[in-house]
Structure formats: structure tokens, C-alpha cells
Amino acid sequence: MAALDAILNDIDTDLENALERLFAFLRIPSISTDPAYAGHCREAAAWLAQDLTALGFDTSVEETSLHPVVLAHKPKPGAPHVLFYGHYDVQPVDPLDLWKTPPFEPHIANDGQGGKKIVGRGASDDKGQVMTFVEACRAYIAMHGELPCGVTILIEGAEESGSQGLPEWVAANRERLGCDVVLVCDTGMWDRKTPAITSSLRGLAYFEVKVTCADRDLHSGFFGGAARNPIHVLAKIIADLHDSDGRVTIPGFYEGVHERPAEVLEQWRGLGLTPETLLGPIGLKEPAGERGRMPIELVQSRPSCDANGIIGGYTGEGTKTVIASTASAKVSFRLVDDQDPKRLAESFEAFVRARVPSDCQVEVITYKGSRAISLPFDMPQLEAAKAALQDEWGVPAVTVGAGGSIPIVGDFKRILGRDTLLIGFGLDDDRIHSPNEKYDLTSFHKGTRSWARILAALGQG
């Protein structure tokens with residue numbers, strides 16, 4: 001305990017320097033989705049590699065089909081070994097005029113609740129979270145010259161672009177990524193005082209549907225009422241995806257979906273996530289989705305289907321009485337348990353084609369899908385991490401599922417055969433992917449202290 005106390009004290013006294021390092025990282029506009037920022041993505045990779053090299057890691061910057069990855073090793077023979085994953089790329093900043101301060105000029109601000117927050121693009125997603133782990137390693141090395149366990153760090157630059165090229169890189173380098181467990185800091189707390197470990201992630205299936213009717217746009221005065229309208233066809237397909245009870249109507253959709261044990265559902269009821277607390281902050285009050293389900297079920301353990309965008313016809317200023325030739329929609333599904341994205345792709349395309357008139361054409365484009373993942377509840381590293389988090393935060397860590405997807409976690413399981421502990425310190429109001437992104441100063445500080453405790457616990461095997 002005395003050794004750990006020295007580490008925690010070093011984290012406390014070095015906080016200002018840690019923030020300066022984070023700010024230097026945040027100033028790099030590493031937007032992976034825009035080719036104009038490719039050079040800045042390389043700059044971010046180089047910055048991180050230099051920092052890890054200075055800590056004594058054997059570090060390299062390696063190419064993928066999109067942006068490079070940073071790989072760093074610091075083994076400890078005879079001790080357990082962990083693989084930490086994160087990403088240095090960030091989301092675009094549009095709309096820029098909604099930012100109160102420039103997105104790549106990070107600073108500390110009051111959070112309106114008596115605390116402080118770090119403001120800037122990437123503060124929470126994911127540079128600030130990555131640096132909590134790096135700073136924990138820095139404190140160990142400063143105090144003891146070594147880490148309590150072997151550590152490999154893998155930071156990619158294309159997570160916001162769907163991790164393009166990373167699964168292939170992981171498969172080609174699997175021998176260099178050997179570990180006992182994977183650690184990811186790209187998730188959040190249950191609330192600002194309660195730490196959480198994400199024990200499951202929903203999978204993802206994503207499609208684009210393009211319906212074409214006439215061979216050109218038509219004048220609605222000449223053809224209205226007689227010519228097929230592709231927007232109508234597409235709207236009917238989307239409307240048919242759910243029944244009146246909120247269930248998805250695609251045949252076989254719920255195959256592989258399991259009910260949660262009664263004791264788990266009882267625990268979730270005790271967390272107090274009501275329609276008011278979930279939906280009220282976003283201006284809603286009535287949950288959609290499957291009727292009779294708790295809100296926490298709808299966003300964590302049940303599958304969902306959403307239309308993410310629909311395009312067709314005239315959308316400019318004023319009027320234009322046109323019947324469009326084509327219309328398209330993007331549709332995504334969040335998957336759980338044993339649902340198979342490949343089987344869903346077949347069922348979804350059949351569902352769509354059955355609703356398109358014979359004199360119209362449809363194209364269904366399938367994008368990459370990912371299966372859901374879940375941790376075994378008796379996983380020893382899970383129990384060690386929960387105890388370490390409780391020691392730092394003073395309350396038991398909540399074990400919950402997450403509604404979003406981190407596809408590479410499934411690849412780690414498939415390629416490396418290793419489970420992943422998802423331990424993050426973000427908050428629901430961090431505004432990730434939105435203007436004025438922030439990361440609570442407490443999240444950064446106590447997140448770093450938390451990783452120090454977790455590394456100590458995992459190092460004991």
C-alpha cells in the first residue's frame with residue numbers, strides 16, 4: 001500500500017504538468033474523416049509516440065490502410081500483461097459557429113456545478129481518456145522505474161472512421177499483441193460519482209437503401225397520381241420496420257436475443273434510470289422501442305432499428321413540384337447477444353425487396369457489421385478492477401451494458417482470443433461528437449488514479 005500511495009501522491013502533485021501534456025495533444029486537429037487533416041493525424045501519432053518513448057516504452061508508428069497506429073511495449077517478465085487500446089483521432093468540429101471557444105484551443109473552465117472542466121475537441125473522446133492511462137504509467141515509472149505488470153499500448157488514428165484498416169493490422173500483428181486482458185478507456189461513468197465497467201456492447205449492422213422509380217424527375221402536375229413516387233415507397237419500407245408495440249418486424253430478427261436474469265433486471269431497476277431521467281434532458285418524455293421494457297433495457301440489452309437519414313426530391317428553398325426519380329435512406333441496427341449481422345443483412349434485404357413495386361428498382365448496400373460482445377461475470381480481472389475502482393471512488397463500481405458499439409473490441413476477441421475491460425471516466429454531458437466537448441477535471445484526475453490502482457491489482461495476477 002505504501003508503494004501505491006507514493007504513485008497516487010505523484011499523480012496528485014503532477015496534475016498541472018499532466019494537463020499541459022494533455023493540452024499539447026488536444027491542440028493537434030487530428031480529424032480522421034477529412035483527408036485534409038491526414039497530416040495532423042500523423043502529427044498526433046508522432047507526438048504520442050515521442051511521449052511514450054520518453055517513458056521507456058519500445059515505440060513505433062506503423063502504417064495501416066488509412067492513418068497510422070502507435071504501438072508501444074514495456075514488458076515485465078513473469079508478470080501478467082495487459083493491452084491498452086485507445087484512439088488519437090477526433091470528430092469533425094462542425095458546426096463551428098456553435099463552439100463558444102475555438103475547438104483546438106483547450107482550456108479549463110468552470111462547469112457550473114462548483115467544479116472544473118477541460119474544454120476542447122477530443123477532451124473526452126478519446127485523448128483525455130487515453131492520457132489517464134499514460135499518466136498512470138508515467139507515475140509508476142517516475143516512482144519505481146517500472147510498471148506493476150507488462151503493458152502494450154495500441155492507439156489508432158481511424159476510430160471515428162470505423163477503424164478502417166485496424167482489424168487487418170491486428171490480424172497481421174497478433175503475435176506482437178499477446179496479453180492476458182485488453183483494457184479500453186473509451187466509455188463512461190454511471191454518474192459523476194459512480195464508476196462503471198461496461199460488461200457488454202451492442203453490435204452494429206448498417207445499410208443504405210436506394211429506390212429508383214421513373215428514369216428521371218417528373219412534373220407532379222403531369223404525372224402526380226399516376227407515377228410511382230420513390231419517397232413514398234421508401235417511407236412505407238421504413239414505417240413497416242416496427243409494429244405498434246415497437247418491435248422490429250423483420251422475420252427472424254429476435255433470434256439469438258436472450259432475456260436477462262431476474263436478479264440483473266432487479267439491479268437495473270435500482271439504478272433509477274427512468275424515462276424522465278433518460279429522456280427529459282433531451283426534451284422528450286415518452287420512451288419508444290418495445291413496449292413494457294425499462295429504459296435501461298432498451299438502450300443496453302435489447303436490439304434496435306433506426307432510420308439515420310432519408311434523402312429524396314427537392315429540399316432547397318421555396319417550392320418545386322417534382323416527383324423524384326430516386327430516394328435513399330440509411331438504416332442501422334444495434335444488435336445484442338447472439339444476433340448475426342450477416343444473417344440480418346439477408347433478412348433485411350429480403351424485407352426491403354418484398355415492398356418494392358415490380359417496375360421499380362432497389363439497391364441495398366451493406367456496410368461492415370459487428371457482433372455484440374459480453375464479459376463473463378466470473379472473470380477475475382473484472383473483479384479486481386471493480387475492487388480497485390471502489391477503493392478510489394468510495395462506492396461500488398456499477399457493471400452495465402452499453403448501447404453503442406466499439407467494433408474493434410469484437411476483433412480483439414475474435415483475433416486475439418482475449419476479453420476486454422471497458423473502463424472509462426466520461427460523463428453523459430461531455431458533448432462528444434458535438435460542439436463544446438468537455439471532460440471533467442475530476443474525470444481526468446481520478447481516472448488517472450483509478451488506472452494506477454487497476455494496474456496494481458492486475459499486476460498481482
# chains A, B, ... in the order shown; residues from 1 in each chain; ligands from 1
$ select_by_dssp --residues "range 196-397 of chain A" --states "alpha helix (DSSP H)" --output "number ranges by chain"
A: 220-223, 230-239, 262-269, 275-279, 295-300, 341-353, 380-393
$ write_last_selection --atoms "C-alpha atoms" --output "PDB file, in the first residue's frame"
ATOM      1  CA  SER A 220     -46.154  16.389 -60.422  1.00  0.00           C
ATOM      2  CA  GLY A 221     -48.812  18.216 -62.422  1.00  0.00           C
ATOM      3  CA  PHE A 222     -48.309  15.905 -65.393  1.00  0.00           C
ATOM      4  CA  PHE A 223     -47.615  12.644 -63.552  1.00  0.00           C
ATOM      5  CA  PRO A 230     -39.836   6.535 -54.636  1.00  0.00           C
ATOM      6  CA  ILE A 231     -40.079   8.648 -51.476  1.00  0.00           C
ATOM      7  CA  HIS A 232     -43.460   7.067 -50.773  1.00  0.00           C
ATOM      8  CA  VAL A 233     -42.049   3.589 -51.406  1.00  0.00           C
ATOM      9  CA  LEU A 234     -39.103   4.234 -49.115  1.00  0.00           C
ATOM     10  CA  ALA A 235     -41.271   5.771 -46.378  1.00  0.00           C
ATOM     11  CA  LYS A 236     -43.500   2.682 -46.422  1.00  0.00           C
ATOM     12  CA  ILE A 237     -40.474   0.391 -46.037  1.00  0.00           C
ATOM     13  CA  ILE A 238     -39.237   2.392 -43.045  1.00  0.00           C
ATOM     14  CA  ALA A 239     -42.694   2.526 -41.470  1.00  0.00           C
ATOM     15  CA  ALA A 262     -34.309 -11.646 -12.898  1.00  0.00           C
ATOM     16  CA  GLU A 263     -31.568 -10.616 -10.461  1.00  0.00           C
ATOM     17  CA  VAL A 264     -29.881  -8.488 -13.142  1.00  0.00           C
ATOM     18  CA  LEU A 265     -33.145  -6.762 -14.014  1.00  0.00           C
ATOM     19  CA  GLU A 266     -33.716  -6.084 -10.322  1.00  0.00           C
ATOM     20  CA  GLN A 267     -30.270  -4.466 -10.035  1.00  0.00           C
ATOM     21  CA  TRP A 268     -31.035  -2.291 -13.035  1.00  0.00           C
ATOM     22  CA  ARG A 269     -34.327  -1.148 -11.514  1.00  0.00           C
ATOM     23  CA  PRO A 275     -37.993   7.843 -18.797  1.00  0.00           C
ATOM     24  CA  GLU A 276     -37.749  11.256 -17.146  1.00  0.00           C
ATOM     25  CA  THR A 277     -34.065  10.987 -16.247  1.00  0.00           C
ATOM     26  CA  LEU A 278     -33.076   9.461 -19.593  1.00  0.00           C
ATOM     27  CA  LEU A 279     -35.250  11.458 -21.968  1.00  0.00           C
ATOM     28  CA  PRO A 295     -35.413   2.353 -20.454  1.00  0.00           C
ATOM     29  CA  ILE A 296     -32.146   0.744 -19.344  1.00  0.00           C
ATOM     30  CA  GLU A 297     -33.123  -2.433 -21.191  1.00  0.00           C
ATOM     31  CA  LEU A 298     -33.948  -0.533 -24.355  1.00  0.00           C
ATOM     32  CA  VAL A 299     -30.507   1.088 -24.566  1.00  0.00           C
ATOM     33  CA  GLN A 300     -28.360  -1.747 -23.190  1.00  0.00           C
ATOM     34  CA  PRO A 341     -25.178  -9.265 -38.673  1.00  0.00           C
ATOM     35  CA  LYS A 342     -24.696 -11.408 -41.804  1.00  0.00           C
ATOM     36  CA  ARG A 343     -27.988 -13.202 -41.299  1.00  0.00           C
ATOM     37  CA  LEU A 344     -29.688  -9.882 -40.594  1.00  0.00           C
ATOM     38  CA  ALA A 345     -28.312  -8.465 -43.853  1.00  0.00           C
ATOM     39  CA  GLU A 346     -30.009 -11.256 -45.785  1.00  0.00           C
ATOM     40  CA  SER A 347     -33.292 -10.849 -43.928  1.00  0.00           C
ATOM     41  CA  PHE A 348     -33.291  -7.065 -44.234  1.00  0.00           C
ATOM     42  CA  GLU A 349     -32.679  -7.132 -47.986  1.00  0.00           C
ATOM     43  CA  ALA A 350     -35.491  -9.655 -48.459  1.00  0.00           C
ATOM     44  CA  PHE A 351     -37.773  -7.478 -46.304  1.00  0.00           C
ATOM     45  CA  VAL A 352     -36.981  -4.415 -48.455  1.00  0.00           C
ATOM     46  CA  ARG A 353     -37.318  -6.149 -51.835  1.00  0.00           C
ATOM     47  CA  PRO A 380     -11.053 -12.485 -12.276  1.00  0.00           C
ATOM     48  CA  GLN A 381      -9.741  -9.284 -13.900  1.00  0.00           C
ATOM     49  CA  LEU A 382     -13.275  -7.870 -13.764  1.00  0.00           C
ATOM     50  CA  GLU A 383     -13.482  -8.459 -10.024  1.00  0.00           C
ATOM     51  CA  ALA A 384     -10.002  -6.967  -9.482  1.00  0.00           C
ATOM     52  CA  ALA A 385     -10.905  -3.842 -11.455  1.00  0.00           C
ATOM     53  CA  LYS A 386     -14.201  -3.403  -9.592  1.00  0.00           C
ATOM     54  CA  ALA A 387     -12.397  -3.532  -6.255  1.00  0.00           C
ATOM     55  CA  ALA A 388      -9.769  -1.032  -7.427  1.00  0.00           C
ATOM     56  CA  LEU A 389     -12.432   1.397  -8.622  1.00  0.00           C
ATOM     57  CA  GLN A 390     -14.315   1.144  -5.342  1.00  0.00           C
ATOM     58  CA  ASP A 391     -11.104   1.938  -3.470  1.00  0.00           C
ATOM     59  CA  GLU A 392     -10.680   5.137  -5.496  1.00  0.00           C
ATOM     60  CA  TRP A 393     -14.278   6.379  -5.686  1.00  0.00           C
TER      61      TRP A 393
END
$ residues_around --residues "Arg418 in chain A" --least-positions-apart "5" --cutoff "10 Å" --atoms "only C-alpha atoms" --output "list in words"
Leu83, Gly178, Cys179, Asp180, Val181, Val182, Val409, Gly410, Asp411, Phe412 and Lys413 of chain A
$ closest_residue --among "A:Ile28, A:Val322, A:Arg138, A:Pro77" --to "Ala54 in chain A" --atoms "only C-alpha atoms"
A:Arg138
$ residues_around --residues "Asp125 in chain A" --least-positions-apart "6" --cutoff "12 Å" --atoms "only C-alpha atoms" --output "PyMOL selection string"
chain A and resi 26+30-31+86-92+118-119+131+159-160+185-188+424-428+430-434+437-439
$ write_last_selection --atoms "C-alpha atoms" --output "short mmCIF file (atom, residue, chain, number, x, y, z; two decimals), in the first residue's frame"
data_model
loop_
_atom_site.label_atom_id
_atom_site.label_comp_id
_atom_site.auth_asym_id
_atom_site.auth_seq_id
_atom_site.Cartn_x
_atom_site.Cartn_y
_atom_site.Cartn_z
CA LEU A 26 -5.54 18.31 -27.82
CA SER A 30 -6.38 15.01 -35.84
CA ILE A 31 -9.72 14.67 -37.67
CA GLY A 86 -7.48 3.93 -27.46
CA HIS A 87 -7.59 6.37 -30.37
CA TYR A 88 -5.95 9.71 -31.11
CA ASP A 89 -8.32 10.79 -33.89
CA VAL A 90 -11.26 13.09 -33.24
CA GLN A 91 -14.59 14.01 -34.78
CA PRO A 92 -15.03 16.98 -37.13
CA ILE A 118 -11.38 20.58 -19.74
CA VAL A 119 -12.89 22.03 -22.92
CA MET A 131 -3.90 10.16 -21.27
CA GLU A 159 -11.71 5.00 -34.84
CA GLU A 160 -14.00 7.82 -35.94
CA CYS A 185 -10.85 3.73 -21.86
CA ASP A 186 -13.49 4.96 -24.31
CA THR A 187 -16.64 4.62 -22.21
CA GLY A 188 -18.16 6.43 -19.24
CA GLY A 424 -13.99 4.92 -18.92
CA PHE A 425 -14.47 8.13 -16.98
CA GLY A 426 -16.58 10.15 -19.40
CA LEU A 427 -19.95 11.62 -18.42
CA ASP A 428 -23.22 11.79 -20.30
CA ASP A 430 -19.42 15.54 -22.16
CA ARG A 431 -20.90 16.52 -25.55
CA ILE A 432 -18.74 14.09 -27.50
CA HIS A 433 -19.23 14.44 -31.28
CA SER A 434 -20.87 17.83 -30.59
CA GLU A 437 -16.89 18.91 -26.00
CA LYS A 438 -15.55 18.71 -22.43
CA TYR A 439 -14.02 16.30 -19.92
#
$ atom_distance --atom1 "CA of Gly157 in chain A" --atom2 "CA of Gly309 in chain A"
26.3 Å
$ closest_residue --among "A:Pro303, A:Pro261, A:Gly120, A:Gly150" --to "Gly403 in chain A" --atoms "only C-alpha atoms"
A:Pro303
$ residues_around --residues "Phe25 in chain A" --least-positions-apart "5" --cutoff "10 Å" --atoms "only C-alpha atoms" --output "list in words"
Leu19, Glu20, Ser30, Glu43, Ala44, Ala45, Trp47, Leu48, Tyr88, Phe104, Pro106, Gly122, Ala123, Lys127, Gly128 and Met131 of chain A
$ write_last_selection --atoms "N, CA and C atoms" --output "compact mmCIF listing (two decimals), in the first residue's frame"
# COMPACT_ATOMS: atom_id res chain seq x y z
N LEU A 19 -1.82 18.13 -17.25
CA LEU A 19 -2.75 18.92 -18.05
C LEU A 19 -2.04 19.61 -19.21
N GLU A 20 -0.84 20.09 -18.98
CA GLU A 20 -0.09 20.71 -20.07
C GLU A 20 0.20 19.71 -21.18
N SER A 30 -6.50 16.33 -35.20
CA SER A 30 -6.38 15.01 -35.84
C SER A 30 -7.75 14.45 -36.22
N GLU A 43 0.78 13.81 -37.21
CA GLU A 43 1.38 14.63 -36.17
C GLU A 43 0.98 14.13 -34.78
N ALA A 44 -0.29 13.78 -34.61
CA ALA A 44 -0.76 13.28 -33.32
C ALA A 44 -0.09 11.95 -32.98
N ALA A 45 0.03 11.08 -33.97
CA ALA A 45 0.69 9.79 -33.74
C ALA A 45 2.14 10.01 -33.32
N TRP A 47 3.45 12.69 -31.93
CA TRP A 47 3.50 13.30 -30.60
C TRP A 47 3.38 12.23 -29.51
N LEU A 48 2.40 11.34 -29.69
CA LEU A 48 2.17 10.30 -28.69
C LEU A 48 3.34 9.32 -28.63
N TYR A 88 -6.39 8.31 -31.14
CA TYR A 88 -5.95 9.71 -31.11
C TYR A 88 -6.74 10.57 -32.08
N PHE A 104 -9.77 23.68 -30.96
CA PHE A 104 -8.43 23.16 -30.76
C PHE A 104 -7.55 24.11 -29.95
N PRO A 106 -7.57 24.16 -26.22
CA PRO A 106 -8.10 23.62 -24.97
C PRO A 106 -7.84 24.53 -23.78
N GLY A 122 -11.88 16.36 -28.54
CA GLY A 122 -11.06 15.23 -28.14
C GLY A 122 -10.82 15.15 -26.65
N ALA A 123 -11.31 16.13 -25.88
CA ALA A 123 -11.06 16.13 -24.44
C ALA A 123 -11.58 14.85 -23.78
N LYS A 127 -8.81 11.53 -26.41
CA LYS A 127 -7.46 11.88 -25.99
C LYS A 127 -7.34 12.02 -24.48
N GLY A 128 -8.33 12.66 -23.86
CA GLY A 128 -8.28 12.79 -22.41
C GLY A 128 -8.32 11.44 -21.72
N MET A 131 -4.96 9.62 -22.11
CA MET A 131 -3.90 10.16 -21.27
C MET A 131 -4.07 9.83 -19.80
$ closest_residue --among "A:Ala38, A:Cys213, A:Val69, A:Leu204" --to "Ile406 in chain A" --atoms "only C-alpha atoms"
A:Leu204
$ select_by_dssp --residues "range 258-360 of chain A" --states "strand (DSSP E)" --output "list in words"
Ser304, Cys305, Asp306, Ala307, Asn308, Gly309, Ile310, Ile311, Gly312, Val322, Ile323, Thr326, Ala327, Ser328, Ala329, Lys330, Val331, Ser332, Phe333, Arg334 and Leu335 of chain A
$ atom_distance --atom1 "CA of Glu363 in chain A" --atom2 "CA of Ser328 in chain A"
9.3 Å
$ residues_around --residues "range 281-292 of chain A" --least-positions-apart "3" --cutoff "6 Å" --atoms "only C-alpha atoms" --output "MDAnalysis selection string"
chainID A and resid 245:247 276
$ closest_residue --among "A:Ser244, A:Ser301, A:Ser370, A:Ser60" --to "Ala402 in chain A" --atoms "only C-alpha atoms"
A:Ser301
$ residues_around --residues "Val257 in chain A" --least-positions-apart "2" --cutoff "6 Å" --atoms "only C-alpha atoms" --output "PyMOL selection string"
chain A and resi 254-255+337
$ write_last_selection --atoms "N, CA and C atoms" --output "PDB file, in the first residue's frame"
ATOM      1  N   TYR A 254     -35.347 -11.426 -33.893  1.00  0.00           N
ATOM      2  CA  TYR A 254     -35.064 -11.628 -32.476  1.00  0.00           C
ATOM      3  C   TYR A 254     -34.398 -12.981 -32.180  1.00  0.00           C
ATOM      4  N   GLU A 255     -34.034 -13.727 -33.231  1.00  0.00           N
ATOM      5  CA  GLU A 255     -33.291 -14.963 -32.998  1.00  0.00           C
ATOM      6  C   GLU A 255     -31.922 -14.628 -32.403  1.00  0.00           C
ATOM      7  N   ASP A 337     -26.449  -9.913 -27.842  1.00  0.00           N
ATOM      8  CA  ASP A 337     -26.318 -11.354 -27.606  1.00  0.00           C
ATOM      9  C   ASP A 337     -25.768 -12.082 -28.833  1.00  0.00           C
TER      10      ASP A 337
END
$ closest_residue --among "A:Leu4, A:Leu154, A:Asp429, A:Ile197" --to "Gly401 in chain A" --atoms "only C-alpha atoms"
A:Ile197
$ atom_distance --atom1 "CA of Leu15 in chain A" --atom2 "CA of Val70 in chain A"
24.3 Å
